[in-house]
Every structure is written in structure tokens, then in C-alpha cells.
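> I'd like to ask some things about the structure below.
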Amino acid sequence: MRIALLITCFNDTLHPATGRAVVTLLERLGCTVEFPMEQTCCGQMHFNTGYQRECVPLVRRFTEVFAGYDAVVTPSGSCAGMVREYHGRVAEVSGDARLASAVQALPEVYELSEFLVDVLQVTDVGAYFPHRVTYHPTCHSLRMLGVGDKPLTLLRAVRGIDLVELPAAEQCCGFGGTFAVKNSDISVAMCADKVRHVLGTGAEVLSAGDNSCLMHIGGTLSRLRTGVRTVHLAEILASTEEKPATDGPQPSPLPRRTTEGVRSR
């Protein structure tokens, strides 16, 4: 199966280890993975902020870059949702019938856990991660894609893991892209709620399927010196007894704090 990796601009810029983990994982499962170097932004930030016409060149480029593959896989429910749900809308706004046809002809775009469970039909990917982990289901994967418990099914099969339930897991973390900038006070309050729940689990690691949400929550976890680190789902699933989930040495754990001071405004 010939698969294209949609890395997303966020991961390509800030979390390249996640993209490498996806390639490692899929190749371990027998897939042929290619990384089209011409890929750019999916247009989500523009679209969600109201600049739909400015998305047109990005959607057109997407159709050119990802045509001809068997599937497109991305470690982001957010960007997968944008492509699947809104690229067709952007094509309509453009008034370009050829672009609309090109969008329709594209291979299916899958969020990573969907592809593993629904397409490859695997839940045990041979991973090993001996840590206490809790999982945050990101809004787009949960509400737009309907990924459901697929990430948790994959994590439960990881050897050595101590997977603990996150209270109020379905509540948004408050990131929402430009929402966190335009509505910063609300965003901070929502993140405070999420962090309080994370700390209540006693987890060493918070995982999710979107690094954007992990960056948002992880910033608060770091500033509070909680010692909880964030690791993308792909990096946990790519980890084995021979290969750790993240590149390079990990910093020494910081002193754990209580949930005091983690309150909503």
C-alpha cells in the first residue's frame, strides 16, 4: 500500500519526531510511506478564521501533491478533519469546477488511529512504553471525525503501559488555534480545567493525537513544574523495547506539584 504522509505544518515546524514516528510505525506494519516534499498548509487556520478564498491556492496545491496515492495518513485529527470536511467547501467558494473534481478524486485522508484500526485492522502494533499514561481526545478527532475509542484501543495493547482514564476527557483543552489568541482568558481557564484533571490521574505522560493541543496543555504543565510530559500517540506506538518513543535523553523529572493554583477563572 502506497501511503503519503501529511505531516502538517505544525508538526513539520515544531514536532518533526512525530512524523518520523509515523513512518517508523507504518513501515513496521508493512506499508510503503512517502513524504511529498511539495506539501504545504491544509488551510485550516485560514478557513477557521474566515478567509475561505485565501484557502483556494492551498487546496489546489493539496490536490496536486497528494493525487495518485492509495491513502493519505496524518498524525492530526484537526488537519484530517479540515481536508475531509472543508476542502470541498473551499472548491465551491472558488467556483472552479476542475478544482472541485480534483478534490473529489483525492485518496482518502485518515487520521493515524483510524488508518491503523479501520484500514490495516490492527490494534497491537508491537509497541512497548512502560509509563503511566493518560489520553486527551482532541475535539476534531472526537467530534468531526468520530474517531471514538480507537486511540485508546491502540494504547491498551501497548506492552508495559499503565493507561489511566482522564476525567472529563471530552472537554476541550481551550486551544482551538486562533481561538487561544483571540479569547486568551477563556482559553487559559479551559486549559486550567484540563490540567487539573491530568494531574488528578497521577500520570507521567499526557498523550493525544494532535500536537497543537499537547503544546497548549503542555505549556501549562511545564510552567507549573508538574513533571508531566506530553508525547504524541504516534511516538508511543512507534516505541519498542529497543527504540524509545522520543529522540535524545529525557530531562530529569521535575518535582511534582499538587493541583493548587490550577483553577478556572
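Each chain in the C-alpha cells gets a letter, A, B, ..., in the order shown, and its residues are numbered from 1; ligands are numbered from 1 in order too.
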Write out as a list in words all residues of range 177-208 of chain A that backbone DSSP assigns to strand (DSSP E).
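For range 177-208 of chain A, the strand (DSSP E) set is Val205, Leu206, Ser207 and Ala208 of chain A.
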> For Glu204 in chain A, please output as a ChimeraX atom specification all residues within 12 Å (counting only C-alpha atoms; exclusion window: fewer than 3 positions along the same chain).
/A:129-135,161-164,198-201,207,221,226-231,253-256
> If you count only C-alpha atoms, which residues fall within 12 Å of Glu241 in chain A, apart from same-chain ones fewer than 3 positions away, as an MDAnalysis selection string?
chainID A and resid 126:130 158:160 236:238 244:245
> To test your reading of the structure, identify every residue in range 129-255 of chain A that backbone DSSP assigns to alpha helix (DSSP H), and report it as an mmCIF file with C-alpha atoms, in the first residue's frame.

data_model
loop_
_atom_site.group_PDB
_atom_site.id
_atom_site.type_symbol
_atom_site.label_atom_id
_atom_site.label_comp_id
_atom_site.auth_asym_id
_atom_site.auth_seq_id
_atom_site.Cartn_x
_atom_site.Cartn_y
_atom_site.Cartn_z
ATOM 1 C CA CYS A 139 -12.023 17.953 19.609
ATOM 2 C CA LYS A 150 -9.645 3.851 18.528
ATOM 3 C CA PRO A 151 -6.656 5.642 20.136
ATOM 4 C CA LEU A 152 -7.459 4.054 23.487
ATOM 5 C CA THR A 153 -7.809 0.622 21.870
ATOM 6 C CA LEU A 154 -4.327 1.027 20.422
ATOM 7 C CA LEU A 155 -2.876 2.255 23.714
ATOM 8 C CA ARG A 156 -4.400 -0.618 25.705
ATOM 9 C CA PHE A 179 -9.223 30.938 19.489
ATOM 10 C CA ALA A 180 -6.422 30.804 22.081
ATOM 11 C CA VAL A 181 -5.157 34.158 20.812
ATOM 12 C CA LYS A 182 -8.479 35.926 20.336
ATOM 13 C CA SER A 184 -6.992 34.116 25.724
ATOM 14 C CA ASP A 185 -8.710 34.415 29.120
ATOM 15 C CA ILE A 186 -11.281 31.766 28.232
ATOM 16 C CA SER A 187 -8.585 29.577 26.703
ATOM 17 C CA VAL A 188 -6.443 29.757 29.842
ATOM 18 C CA ALA A 189 -9.416 28.876 32.053
ATOM 19 C CA MET A 190 -10.293 25.862 29.904
ATOM 20 C CA CYS A 191 -6.687 24.691 29.947
ATOM 21 C CA ALA A 192 -6.579 25.052 33.738
ATOM 22 C CA ASP A 193 -9.521 22.663 33.995
ATOM 23 C CA LYS A 194 -7.810 20.184 31.705
ATOM 24 C CA VAL A 195 -4.511 20.362 33.603
ATOM 25 C CA ARG A 196 -6.255 19.817 36.922
ATOM 26 C CA HIS A 197 -7.817 16.634 35.563
ATOM 27 C CA VAL A 198 -4.486 15.456 34.117
ATOM 28 C CA LEU A 199 -2.717 15.936 37.428
ATOM 29 C CA GLY A 200 -5.507 14.097 39.215
ATOM 30 C CA THR A 201 -4.675 10.917 37.285
ATOM 31 C CA ASN A 211 0.463 18.135 18.959
ATOM 32 C CA SER A 212 -1.255 21.518 18.881
ATOM 33 C CA CYS A 213 -3.397 20.541 21.863
ATOM 34 C CA LEU A 214 -0.427 18.932 23.580
ATOM 35 C CA MET A 215 1.561 22.154 23.137
ATOM 36 C CA HIS A 216 -1.236 24.143 24.742
ATOM 37 C CA ILE A 217 -1.714 21.829 27.720
ATOM 38 C CA GLY A 218 1.997 21.078 27.964
ATOM 39 C CA GLY A 219 2.821 24.764 28.309
ATOM 40 C CA THR A 220 0.777 24.983 31.496
ATOM 41 C CA LEU A 221 2.120 21.667 32.779
ATOM 42 C CA SER A 222 5.646 22.941 32.245
ATOM 43 C CA ARG A 223 5.111 26.354 33.811
ATOM 44 C CA LEU A 233 0.170 8.968 20.221
ATOM 45 C CA ALA A 234 2.355 8.117 17.202
ATOM 46 C CA GLU A 235 5.529 8.319 19.267
ATOM 47 C CA ILE A 236 4.164 5.934 21.883
ATOM 48 C CA LEU A 237 3.014 3.462 19.231
ATOM 49 C CA ALA A 238 6.385 3.640 17.453
#
> What does the structure give for the distance between CA of Val103 in chain A and CA of Phe47 in chain A, in Å to one decimal?
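For CA of Val103 in chain A relative to CA of Phe47 in chain A, the distance reads 16.1 Å.
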> List every residue of range 92-131 of chain A that has an atom at most 9 Å from any atom of range 8-26 of chain A, and for each one report the closest atom pair and its distance in Å to one decimal, counting only C-alpha atoms, with rows sorted by chain and then by increasing residue number, as JSON lines.

{"residue": "A:Leu112", "atom": "CA", "partner": "A:Val22", "partner_atom": "CA", "distance": 8.0}
{"residue": "A:Leu116", "atom": "CA", "partner": "A:Leu26", "partner_atom": "CA", "distance": 8.6}
{"residue": "A:Val125", "atom": "CA", "partner": "A:Leu25", "partner_atom": "CA", "distance": 7.7}
> Could you name the residues that touch Glu85 in chain A at 12 Å or less, counting only C-alpha atoms, but leaving out those on the same chain fewer than 2 positions away, as JSON, numbers by chain?
{"A": [42, 44, 47, 77, 78, 79, 80, 81, 82, 83, 87, 88, 89, 90, 91, 103, 104, 108, 109, 140, 143, 144, 145]}
